Amino acid sequence: MYDFKDKVVFITGGSRGIGRAMAVKFAELNAKVVITYKSRIDHRFFKPKKIHYFKCDSADAKRVKEVVQNVVKKFKKIDVLINNAGITKDTLIMRMSEKDWDSVIDTNLKGTFFFCKEVARNMVKNHKGKIINVSSIVGVNGNAGQANYSASKAGQIGLTKTLAKELGSHNIQVNVVAPGFVETDMTSVLSDDMKKAILKTTKKKAAKPGKVADFVAFLASEDSDLINGQTFIVEAIQMRQEERLYF
Ligand SMILES: NC(=O)c1ccc[n+]([C@@H]2O[C@H](COP(=O)([O-])OP(=O)(O)OC[C@H]3O[C@@H](n4cnc5c(N)ncnc54)[C@H](OP(=O)(O)O)[C@@H]3O)[C@@H](O)[C@H]2O)c1
């Protein structure tokens with residue numbers, strides 16, 4: 001069990017899904033947790049947990065700078081940055097509009113760039129930090145119908161590898177977690193048939209957001225100090241019938 005007492009953990013897109021599971025996890029591990037959201041926040045859920053929140057569109061460079069400055073002013077530092085905010089606008093390439101391309105790239109990739117840039121200044125000053133970028137297995141493998149999303153997620157991996165080189169000498173580790181299928185609002189829009197087809201072909205199960213949060217807690221901890229510039233696929237594997245007999 002890790003203890004993040006006195007650590008400030010900043011999570012983008014923490015109001016729902018994987019981000020929310022991470023916010024709860026880090027709050028349970030005694031961190032000071034700050035999250036961002038774009039559209040709405042459930043005050044009654046976050047307030048009692050003492051999780052701080054800011055409305056901040058990740059694609060808005062001016063607002064990102066303002067929010068990071070506010071957080072640093074209030075807490076003096078940011079120990080862990082988790083770039084989690086993300087959207088999908090899926091369709092085949094021939095039907096994909098420039099607007100849908102831009103909005104996915106702007107939120108998922110440009111947003112990651114904006115936050116890394118602003119938070120890195122504080123981490124370099126403190127000679128310490130962890131940045132975890134939440135990409136996707138689709139950024140590693142590609143996926144039909146997700147040209148914009150897979151490009152944004154692959155872009156996060158390239159950005160991470162470069163930042164690991166630029167910031168590593170300042171004792172800042174930058175890594176990627178690339179989840180497979182996770183049960184959240186993002187995947188709830190898929191039809192049951194589509195979900196079944198994806199999980200059958202990949203031989204994977206839908207994972208709970210909390211499982212991704214568990215791994216991210218490791219990457220944010222001092223136990224991962226020797227890991228930099230790496231991409232970790234995290235997904236739930238379907239057990240075959242015969243293997244079930246032994247467990
Ligand atoms: N679910 C999966 O199977 C899966 C698999 C691989 C990777 N991922 C990645 O994991 C991350 C989280 O996904 P999820 O499934 O938890 O998604 P989700 O349930 O749809 O939640 C997305 C979160 O991001 C926030 N957000 C979206 N656009 C934003 C913006 N422009 N600025 C700030 N916040 C914004 C949302 O806040 P609002 O409600 O205010 O918009 C929400 O808190 C994403 O990067 C996604 O690509 C998910």
# chains A, B, ... in the order shown; residues from 1 in each chain; ligands from 1

$ closest_atom_pairs --of "chain A" --to "ligand 1" --cutoff "7 Å" --atoms "only C-alpha atoms and all ligand atoms" --output "Markdown table"
| residue | atom | partner | partner_atom_place_in_ligand_line | distance |
| --- | --- | --- | --- | --- |
| A:Thr12 | CA | ligand 1 | 34 (N) | 5.9 |
| A:Gly13 | CA | ligand 1 | 25 (C) | 3.5 |
| A:Gly14 | CA | ligand 1 | 43 (O) | 4.5 |
| A:Ser15 | CA | ligand 1 | 43 (O) | 3.8 |
| A:Arg16 | CA | ligand 1 | 43 (O) | 4.2 |
| A:Gly17 | CA | ligand 1 | 16 (O) | 3.4 |
| A:Ile18 | CA | ligand 1 | 16 (O) | 3.8 |
| A:Gly19 | CA | ligand 1 | 16 (O) | 5.6 |
| A:Arg20 | CA | ligand 1 | 43 (O) | 7.0 |
| A:Thr36 | CA | ligand 1 | 33 (C) | 5.9 |
| A:Tyr37 | CA | ligand 1 | 40 (O) | 4.0 |
| A:Lys38 | CA | ligand 1 | 40 (O) | 3.4 |
| A:Ser39 | CA | ligand 1 | 40 (O) | 3.6 |
| A:Arg40 | CA | ligand 1 | 40 (O) | 4.8 |
| A:Ile41 | CA | ligand 1 | 40 (O) | 6.7 |
| A:Cys56 | CA | ligand 1 | 33 (C) | 5.5 |
| A:Asp57 | CA | ligand 1 | 32 (N) | 3.5 |
| A:Ser58 | CA | ligand 1 | 32 (N) | 4.0 |
| A:Ala59 | CA | ligand 1 | 31 (N) | 5.6 |
| A:Asn84 | CA | ligand 1 | 45 (O) | 4.5 |
| A:Ala85 | CA | ligand 1 | 24 (O) | 3.7 |
| A:Gly86 | CA | ligand 1 | 45 (O) | 3.6 |
| A:Ile87 | CA | ligand 1 | 27 (C) | 5.4 |
| A:Thr107 | CA | ligand 1 | 31 (N) | 4.8 |
| A:Asn108 | CA | ligand 1 | 45 (O) | 6.5 |
| A:Val134 | CA | ligand 1 | 45 (O) | 5.4 |
| A:Ser135 | CA | ligand 1 | 7 (C) | 5.5 |
| A:Ser136 | CA | ligand 1 | 7 (C) | 3.9 |
| A:Ile137 | CA | ligand 1 | 6 (C) | 6.1 |
| A:Ala178 | CA | ligand 1 | 7 (C) | 6.0 |
| A:Pro179 | CA | ligand 1 | 6 (C) | 4.2 |
| A:Gly180 | CA | ligand 1 | 5 (C) | 4.9 |
| A:Phe181 | CA | ligand 1 | 3 (O) | 3.7 |
| A:Val182 | CA | ligand 1 | 3 (O) | 3.6 |
| A:Glu183 | CA | ligand 1 | 1 (N) | 5.7 |
| A:Thr184 | CA | ligand 1 | 19 (O) | 4.6 |
| A:Asp185 | CA | ligand 1 | 19 (O) | 4.1 |
| A:Met186 | CA | ligand 1 | 20 (O) | 4.0 |
| A:Thr187 | CA | ligand 1 | 1 (N) | 5.3 |

$ select_by_dssp --residues "range 74-198 of chain A" --states "strand (DSSP E)" --output "MDAnalysis selection string"
chainID A and resid 80:83 129:134 172:179

$ residues_around --residues "Phe114 in chain A" --least-positions-apart "5" --cutoff "9 Å" --atoms "only C-alpha atoms" --output "PyMOL selection string"
chain A and resi 58-61+64-65+109+119

$ write_last_selection --atoms "N, CA and C atoms" --output "PDB file, in the first residue's frame"
ATOM      1  N   SER A  58      -9.051  20.935 -21.510  1.00  0.00           N
ATOM      2  CA  SER A  58      -7.630  20.632 -21.768  1.00  0.00           C
ATOM      3  C   SER A  58      -7.124  21.245 -23.077  1.00  0.00           C
ATOM      4  N   ALA A  59      -8.035  21.515 -23.990  1.00  0.00           N
ATOM      5  CA  ALA A  59      -7.627  22.045 -25.299  1.00  0.00           C
ATOM      6  C   ALA A  59      -7.459  23.565 -25.283  1.00  0.00           C
ATOM      7  N   ASP A  60      -7.686  24.191 -24.131  1.00  0.00           N
ATOM      8  CA  ASP A  60      -7.618  25.653 -24.016  1.00  0.00           C
ATOM      9  C   ASP A  60      -6.318  26.033 -23.289  1.00  0.00           C
ATOM     10  N   ALA A  61      -5.304  26.391 -24.066  1.00  0.00           N
ATOM     11  CA  ALA A  61      -3.959  26.635 -23.520  1.00  0.00           C
ATOM     12  C   ALA A  61      -3.967  27.694 -22.413  1.00  0.00           C
ATOM     13  N   VAL A  64      -5.490  26.266 -19.245  1.00  0.00           N
ATOM     14  CA  VAL A  64      -4.587  25.262 -18.651  1.00  0.00           C
ATOM     15  C   VAL A  64      -3.510  25.984 -17.837  1.00  0.00           C
ATOM     16  N   LYS A  65      -2.933  27.021 -18.422  1.00  0.00           N
ATOM     17  CA  LYS A  65      -1.871  27.778 -17.738  1.00  0.00           C
ATOM     18  C   LYS A  65      -2.401  28.387 -16.437  1.00  0.00           C
ATOM     19  N   LEU A 109      -4.329  15.032 -27.458  1.00  0.00           N
ATOM     20  CA  LEU A 109      -2.883  15.192 -27.662  1.00  0.00           C
ATOM     21  C   LEU A 109      -2.389  16.600 -27.302  1.00  0.00           C
ATOM     22  N   VAL A 119       3.233  22.069 -16.266  1.00  0.00           N
ATOM     23  CA  VAL A 119       3.580  21.398 -15.002  1.00  0.00           C
ATOM     24  C   VAL A 119       5.081  21.102 -14.943  1.00  0.00           C
TER      25      VAL A 119
END

$ atom_distance --atom1 "CA of Gln69 in chain A" --atom2 "CA of Ile172 in chain A"
19.3 Å

$ atom_distance --atom1 "CA of Lys128 in chain A" --atom2 "CA of Phe218 in chain A"
16.1 Å

$ closest_residue --among "A:Ser150, A:Asn30, A:Thr202, A:Asn175" --to "Lys5 in chain A" --atoms "only C-alpha atoms"
A:Asn30

$ residues_around --residues "Leu167 in chain A" --least-positions-apart "2" --cutoff "10 Å" --atoms "only C-alpha atoms" --output "VMD selection string"
chain A and resid 120 123 to 124 127 to 129 162 to 165 169 to 174 228

$ closest_residue --among "A:Val104, A:Met194, A:Val177, A:Val67" --to "Ser152 in chain A" --atoms "only C-alpha atoms"
A:Val104

$ atom_distance --atom1 "CA of Val80 in chain A" --atom2 "CA of Tyr53 in chain A"
15.5 Å

$ closest_residue --among "A:Gln230, A:Thr91, A:Asn122, A:Ser224" --to "Val8 in chain A" --atoms "only C-alpha atoms"
A:Asn122

$ closest_residue --among "A:Lys153, A:Lys200, A:Lys49, A:Lys205" --to "Glu235 in chain A" --atoms "only C-alpha atoms"
A:Lys205

$ select_by_dssp --residues "range 168-200 of chain A" --states "alpha helix (DSSP H)" --output "PyMOL selection string"
chain A and resi 185-188+192-200

$ closest_residue --among "A:Ala21, A:Val72, A:Ile11, A:Ala144" --to "Asn126 in chain A" --atoms "only C-alpha atoms"
A:Val72

$ closest_residue --among "A:Asp106, A:Asp225, A:Glu28, A:Asp79" --to "Asn148 in chain A" --atoms "only C-alpha atoms"
A:Asp106
